[in-house]
>>> print(open('input-v6.cif').read())   # mmCIF, C-alpha atoms
data_input
loop_
_atom_site.label_atom_id
_atom_site.label_comp_id
_atom_site.auth_asym_id
_atom_site.auth_seq_id
_atom_site.Cartn_x
_atom_site.Cartn_y
_atom_site.Cartn_z
CA MET P 1 9.71 -7.24 14.88
CA VAL P 2 6.67 -5.29 13.68
CA GLU P 3 5.12 -8.47 12.26
CA GLU P 4 5.66 -10.29 15.57
CA GLN P 5 4.07 -7.42 17.50
CA ARG P 6 1.08 -7.35 15.15
CA ARG P 7 0.67 -11.11 15.52
CA GLU P 8 0.68 -10.77 19.33
CA GLU P 9 -1.96 -8.02 19.13
CA VAL P 10 -4.17 -10.17 16.91
CA LEU P 11 -3.75 -13.22 19.14
CA SER P 12 -4.52 -11.41 22.39
CA GLY P 13 -8.03 -12.31 23.41
CA VAL P 14 -8.03 -15.38 21.15
CA HIS P 15 -8.77 -18.82 22.55
CA PRO P 16 -5.46 -20.23 23.88
CA VAL P 17 -5.55 -23.31 21.63
CA LEU P 18 -5.66 -21.33 18.37
CA PRO P 19 -1.98 -20.28 18.26
CA SER P 20 -0.94 -23.93 18.70
CA LEU P 21 -3.32 -25.03 15.96
CA ALA P 22 -2.03 -22.28 13.66
CA LEU P 23 1.55 -23.35 14.27
CA ALA P 24 0.71 -27.02 13.65
CA PHE P 25 -1.04 -26.12 10.38
CA LYS P 26 1.87 -23.93 9.30
CA ARG P 27 4.28 -26.80 9.93
CA LEU P 28 2.04 -29.24 8.05
CA VAL P 29 1.89 -26.93 5.04
CA ALA P 30 5.67 -26.40 5.14
CA THR P 31 6.21 -30.17 5.14
CA ILE P 32 3.85 -30.64 2.20
CA GLU P 33 5.53 -27.80 0.30
CA ARG P 34 8.97 -29.28 0.95
CA GLU P 35 7.97 -32.83 -0.03
CA SER P 36 5.74 -32.02 -3.00
CA GLY P 37 7.24 -28.80 -4.34
CA VAL P 38 3.73 -27.26 -4.40
CA GLY P 39 3.08 -24.17 -2.29
CA GLY P 40 0.29 -24.09 0.27
CA MET P 41 -1.98 -21.70 -1.62
CA LYS P 42 -1.57 -23.68 -4.84
CA TRP P 43 -2.24 -26.91 -2.94
CA PHE P 44 -5.43 -25.42 -1.47
CA LEU P 45 -6.71 -24.08 -4.81
CA LEU P 46 -5.99 -27.38 -6.61
CA THR P 47 -7.81 -29.30 -3.89
CA VAL P 48 -10.87 -27.06 -4.13
CA LEU P 49 -10.92 -27.40 -7.93
CA GLY P 50 -10.61 -31.16 -7.51
CA ARG P 51 -14.02 -31.04 -5.86
CA ARG P 52 -15.55 -28.15 -7.83
CA ASP P 53 -13.96 -27.92 -11.27
CA GLY P 54 -15.12 -24.80 -13.08
CA LEU P 55 -15.34 -22.64 -9.97
CA SER P 56 -14.88 -18.96 -10.75
CA GLN P 57 -12.11 -16.91 -9.20
CA GLY P 58 -14.75 -14.62 -7.70
CA GLU P 59 -16.64 -17.51 -6.12
CA PHE P 60 -13.41 -18.86 -4.66
CA THR P 61 -12.49 -15.41 -3.34
CA GLN P 62 -15.87 -14.92 -1.67
CA GLU P 63 -16.29 -18.42 -0.25
CA TYR P 64 -12.84 -18.51 1.32
CA GLU P 65 -12.62 -14.79 2.13
CA MET P 66 -9.36 -14.32 0.27
CA ASP P 67 -7.75 -11.34 -1.39
CA PRO P 68 -8.83 -11.32 -5.07
CA SER P 69 -5.38 -10.29 -6.30
CA ARG P 70 -3.75 -13.19 -4.42
CA VAL P 71 -6.23 -15.63 -5.95
CA THR P 72 -5.59 -14.19 -9.41
CA ARG P 73 -1.80 -14.44 -8.99
CA THR P 74 -2.06 -18.01 -7.73
CA ALA P 75 -4.38 -19.00 -10.57
CA GLN P 76 -2.07 -17.38 -13.13
CA SER P 77 0.88 -19.25 -11.66
CA LEU P 78 -1.00 -22.57 -11.73
CA GLU P 79 -1.98 -21.83 -15.32
CA GLY P 80 1.67 -21.12 -16.17
CA ASP P 81 2.62 -24.45 -14.54
CA GLY P 82 0.05 -26.16 -16.77
CA PHE P 83 -2.03 -27.37 -13.80
CA ILE P 84 -5.19 -25.38 -14.54
CA ARG P 85 -6.72 -23.54 -17.45
CA ARG P 86 -8.69 -20.35 -17.02
CA GLU P 87 -11.55 -19.41 -19.30
CA ARG P 88 -14.01 -16.56 -19.47
CA ASP P 89 -17.57 -17.57 -18.65
CA VAL P 90 -19.62 -17.73 -21.85
CA LYS P 91 -22.62 -16.08 -20.14
CA ASP P 92 -20.65 -13.35 -18.36
CA ASN P 93 -17.31 -12.28 -19.83
CA ARG P 94 -16.30 -10.66 -16.52
CA VAL P 95 -16.20 -14.06 -14.80
CA MET P 96 -13.03 -16.16 -15.00
CA ARG P 97 -13.56 -19.90 -14.43
CA MET P 98 -10.80 -22.32 -13.45
CA TYR P 99 -10.49 -25.94 -14.59
CA LEU P 100 -7.96 -28.62 -13.72
CA THR P 101 -5.84 -29.95 -16.57
CA GLU P 102 -4.65 -33.56 -16.71
CA ASP P 103 -1.30 -32.43 -15.29
CA GLY P 104 -3.18 -30.68 -12.50
CA ARG P 105 -5.15 -33.84 -11.74
CA GLU P 106 -1.92 -35.82 -11.61
CA VAL P 107 -0.32 -33.35 -9.19
CA LEU P 108 -3.46 -33.41 -7.08
CA ARG P 109 -3.32 -37.22 -6.84
CA ARG P 110 0.16 -36.91 -5.32
CA LEU P 111 -0.85 -34.26 -2.76
CA PRO P 112 -2.50 -34.91 0.61
CA GLU P 113 -6.23 -34.34 0.52
CA ILE P 114 -7.78 -31.46 2.44
CA ASN P 115 -11.12 -32.44 3.97
#
>>> encode(input="input-v6.cif", output="structure tokens")
Amino acid sequence: MVEEQRREEVLSGVHPVLPSLALAFKRLVATIERESGVGGMKWFLLTVLGRRDGLSQGEFTQEYEMDPSRVTRTAQSLEGDGFIRRERDVKDNRVMRMYLTEDGREVLRRLPEIN
């Protein structure tokens, strides 16, 4: 109930087409998750790495305005699945870079592409 009320508050004043687009996207992601077994956030991160292998977690967080802890958890999960490897940047030990593994590339080939 509280979540529904908050959603209504956020959506008030928003262009009328946006809620329909959000619902369509949510349904698309749910279908992909159901058919592929890969969650939406993992799908998104794998797709981005498919285009920009070696992207840092910080760069990803800033470019897509995402919560750093969510990105870290997702990256750790993908690493545990064997789909990516994470390595410290040789020039700056604070930076964690993400790279697709062969298994990750194979999963990505089976997933719909995000353009």
>>> resolve_selection(input="input-v6.cif", expression="the PyMOL selection byres ((chain P and resi 36-53) around 8)", output="list in words")
Val29, Ala30, Ile32, Glu33, Arg34, Glu35, Gly54, Leu55, Thr74, Ala75, Leu78, Met98, Tyr99, Leu100, Gly104, Arg105, Leu108, Arg110, Leu111, Glu113 and Ile114 of chain P
>>> write_last_selection(input="input-v6.cif", atoms="C-alpha atoms", output="PDB file, in the frame of the given file")
ATOM      1  CA  VAL P  29       1.890 -26.930   5.040  1.00  0.00           C
ATOM      2  CA  ALA P  30       5.670 -26.400   5.140  1.00  0.00           C
ATOM      3  CA  ILE P  32       3.850 -30.640   2.200  1.00  0.00           C
ATOM      4  CA  GLU P  33       5.530 -27.800   0.300  1.00  0.00           C
ATOM      5  CA  ARG P  34       8.970 -29.280   0.950  1.00  0.00           C
ATOM      6  CA  GLU P  35       7.970 -32.830  -0.030  1.00  0.00           C
ATOM      7  CA  GLY P  54     -15.120 -24.800 -13.080  1.00  0.00           C
ATOM      8  CA  LEU P  55     -15.340 -22.640  -9.970  1.00  0.00           C
ATOM      9  CA  THR P  74      -2.060 -18.010  -7.730  1.00  0.00           C
ATOM     10  CA  ALA P  75      -4.380 -19.000 -10.570  1.00  0.00           C
ATOM     11  CA  LEU P  78      -1.000 -22.570 -11.730  1.00  0.00           C
ATOM     12  CA  MET P  98     -10.800 -22.320 -13.450  1.00  0.00           C
ATOM     13  CA  TYR P  99     -10.490 -25.940 -14.590  1.00  0.00           C
ATOM     14  CA  LEU P 100      -7.960 -28.620 -13.720  1.00  0.00           C
ATOM     15  CA  GLY P 104      -3.180 -30.680 -12.500  1.00  0.00           C
ATOM     16  CA  ARG P 105      -5.150 -33.840 -11.740  1.00  0.00           C
ATOM     17  CA  LEU P 108      -3.460 -33.410  -7.080  1.00  0.00           C
ATOM     18  CA  ARG P 110       0.160 -36.910  -5.320  1.00  0.00           C
ATOM     19  CA  LEU P 111      -0.850 -34.260  -2.760  1.00  0.00           C
ATOM     20  CA  GLU P 113      -6.230 -34.340   0.520  1.00  0.00           C
ATOM     21  CA  ILE P 114      -7.780 -31.460   2.440  1.00  0.00           C
TER      22      ILE P 114
END
>>> atom_distance(input="input-v6.cif", atom1="atom CA of Asp81 of chain P", atom2="atom CA of Glu106 of chain P")
12.6 Å
>>> atom_distance(input="input-v6.cif", atom1="atom CA of Thr72 of chain P", atom2="atom CA of Arg97 of chain P")
11.0 Å
>>> atom_distance(input="input-v6.cif", atom1="atom CA of Asp103 of chain P", atom2="atom CA of Gly82 of chain P")
6.6 Å
>>> decode(input="input-v6.cif", residues="segment 80-99 of chain P", atoms="N, CA, C and O atoms", output="PDB file, in the first residue's frame")
ATOM      1  N   GLY P  80      30.100 -14.703  -9.303  1.00  0.00           N
ATOM      2  CA  GLY P  80      29.823 -16.009  -8.707  1.00  0.00           C
ATOM      3  C   GLY P  80      29.225 -16.986  -9.714  1.00  0.00           C
ATOM      4  O   GLY P  80      29.479 -18.187  -9.647  1.00  0.00           O
ATOM      5  N   ASP P  81      28.433 -16.453 -10.659  1.00  0.00           N
ATOM      6  CA  ASP P  81      27.846 -17.280 -11.728  1.00  0.00           C
ATOM      7  C   ASP P  81      28.885 -17.668 -12.784  1.00  0.00           C
ATOM      8  O   ASP P  81      28.618 -18.514 -13.627  1.00  0.00           O
ATOM      9  N   GLY P  82      30.044 -16.994 -12.736  1.00  0.00           N
ATOM     10  CA  GLY P  82      31.086 -17.257 -13.723  1.00  0.00           C
ATOM     11  C   GLY P  82      30.915 -16.480 -15.018  1.00  0.00           C
ATOM     12  O   GLY P  82      31.578 -16.765 -16.013  1.00  0.00           O
ATOM     13  N   PHE P  83      30.045 -15.438 -15.007  1.00  0.00           N
ATOM     14  CA  PHE P  83      29.774 -14.688 -16.226  1.00  0.00           C
ATOM     15  C   PHE P  83      30.685 -13.479 -16.410  1.00  0.00           C
ATOM     16  O   PHE P  83      30.851 -12.996 -17.528  1.00  0.00           O
ATOM     17  N   ILE P  84      31.236 -12.970 -15.318  1.00  0.00           N
ATOM     18  CA  ILE P  84      32.210 -11.880 -15.417  1.00  0.00           C
ATOM     19  C   ILE P  84      33.360 -12.177 -14.456  1.00  0.00           C
ATOM     20  O   ILE P  84      33.233 -13.006 -13.559  1.00  0.00           O
ATOM     21  N   ARG P  85      34.449 -11.481 -14.664  1.00  0.00           N
ATOM     22  CA  ARG P  85      35.527 -11.464 -13.673  1.00  0.00           C
ATOM     23  C   ARG P  85      35.755 -10.000 -13.319  1.00  0.00           C
ATOM     24  O   ARG P  85      35.576  -9.115 -14.149  1.00  0.00           O
ATOM     25  N   ARG P  86      36.098  -9.780 -12.076  1.00  0.00           N
ATOM     26  CA  ARG P  86      36.364  -8.423 -11.599  1.00  0.00           C
ATOM     27  C   ARG P  86      37.820  -8.346 -11.194  1.00  0.00           C
ATOM     28  O   ARG P  86      38.334  -9.246 -10.540  1.00  0.00           O
ATOM     29  N   GLU P  87      38.470  -7.282 -11.611  1.00  0.00           N
ATOM     30  CA  GLU P  87      39.886  -7.089 -11.296  1.00  0.00           C
ATOM     31  C   GLU P  87      40.133  -5.649 -10.882  1.00  0.00           C
ATOM     32  O   GLU P  87      39.516  -4.732 -11.425  1.00  0.00           O
ATOM     33  N   ARG P  88      41.055  -5.488  -9.964  1.00  0.00           N
ATOM     34  CA  ARG P  88      41.482  -4.143  -9.572  1.00  0.00           C
ATOM     35  C   ARG P  88      42.257  -3.519 -10.733  1.00  0.00           C
ATOM     36  O   ARG P  88      43.010  -4.187 -11.429  1.00  0.00           O
ATOM     37  N   ASP P  89      42.044  -2.237 -10.937  1.00  0.00           N
ATOM     38  CA  ASP P  89      42.771  -1.501 -11.966  1.00  0.00           C
ATOM     39  C   ASP P  89      44.234  -1.412 -11.563  1.00  0.00           C
ATOM     40  O   ASP P  89      44.539  -1.091 -10.414  1.00  0.00           O
ATOM     41  N   VAL P  90      45.142  -1.705 -12.483  1.00  0.00           N
ATOM     42  CA  VAL P  90      46.572  -1.704 -12.160  1.00  0.00           C
ATOM     43  C   VAL P  90      47.086  -0.304 -11.839  1.00  0.00           C
ATOM     44  O   VAL P  90      48.044  -0.150 -11.079  1.00  0.00           O
ATOM     45  N   LYS P  91      46.444   0.729 -12.379  1.00  0.00           N
ATOM     46  CA  LYS P  91      46.879   2.109 -12.132  1.00  0.00           C
ATOM     47  C   LYS P  91      46.244   2.723 -10.891  1.00  0.00           C
ATOM     48  O   LYS P  91      46.793   3.666 -10.329  1.00  0.00           O
ATOM     49  N   ASP P  92      45.086   2.193 -10.489  1.00  0.00           N
ATOM     50  CA  ASP P  92      44.376   2.726  -9.329  1.00  0.00           C
ATOM     51  C   ASP P  92      43.671   1.570  -8.623  1.00  0.00           C
ATOM     52  O   ASP P  92      42.613   1.118  -9.063  1.00  0.00           O
ATOM     53  N   ASN P  93      44.241   1.105  -7.552  1.00  0.00           N
ATOM     54  CA  ASN P  93      43.749  -0.060  -6.825  1.00  0.00           C
ATOM     55  C   ASN P  93      42.321   0.108  -6.293  1.00  0.00           C
ATOM     56  O   ASN P  93      41.650  -0.858  -5.988  1.00  0.00           O
ATOM     57  N   ARG P  94      41.840   1.352  -6.202  1.00  0.00           N
ATOM     58  CA  ARG P  94      40.478   1.592  -5.711  1.00  0.00           C
ATOM     59  C   ARG P  94      39.423   1.254  -6.757  1.00  0.00           C
ATOM     60  O   ARG P  94      38.263   1.064  -6.434  1.00  0.00           O
ATOM     61  N   VAL P  95      39.847   1.181  -8.019  1.00  0.00           N
ATOM     62  CA  VAL P  95      38.917   0.965  -9.135  1.00  0.00           C
ATOM     63  C   VAL P  95      38.784  -0.524  -9.419  1.00  0.00           C
ATOM     64  O   VAL P  95      39.770  -1.240  -9.557  1.00  0.00           O
ATOM     65  N   MET P  96      37.523  -0.982  -9.516  1.00  0.00           N
ATOM     66  CA  MET P  96      37.245  -2.380  -9.833  1.00  0.00           C
ATOM     67  C   MET P  96      36.686  -2.447 -11.257  1.00  0.00           C
ATOM     68  O   MET P  96      35.648  -1.866 -11.549  1.00  0.00           O
ATOM     69  N   ARG P  97      37.394  -3.141 -12.133  1.00  0.00           N
ATOM     70  CA  ARG P  97      36.967  -3.283 -13.533  1.00  0.00           C
ATOM     71  C   ARG P  97      36.264  -4.621 -13.725  1.00  0.00           C
ATOM     72  O   ARG P  97      36.581  -5.597 -13.053  1.00  0.00           O
ATOM     73  N   MET P  98      35.336  -4.652 -14.669  1.00  0.00           N
ATOM     74  CA  MET P  98      34.542  -5.854 -14.936  1.00  0.00           C
ATOM     75  C   MET P  98      34.774  -6.312 -16.374  1.00  0.00           C
ATOM     76  O   MET P  98      34.771  -5.491 -17.300  1.00  0.00           O
ATOM     77  N   TYR P  99      34.952  -7.620 -16.525  1.00  0.00           N
ATOM     78  CA  TYR P  99      35.223  -8.209 -17.844  1.00  0.00           C
ATOM     79  C   TYR P  99      34.332  -9.433 -18.034  1.00  0.00           C
ATOM     80  O   TYR P  99      34.178 -10.239 -17.115  1.00  0.00           O
TER      81      TYR P  99
END
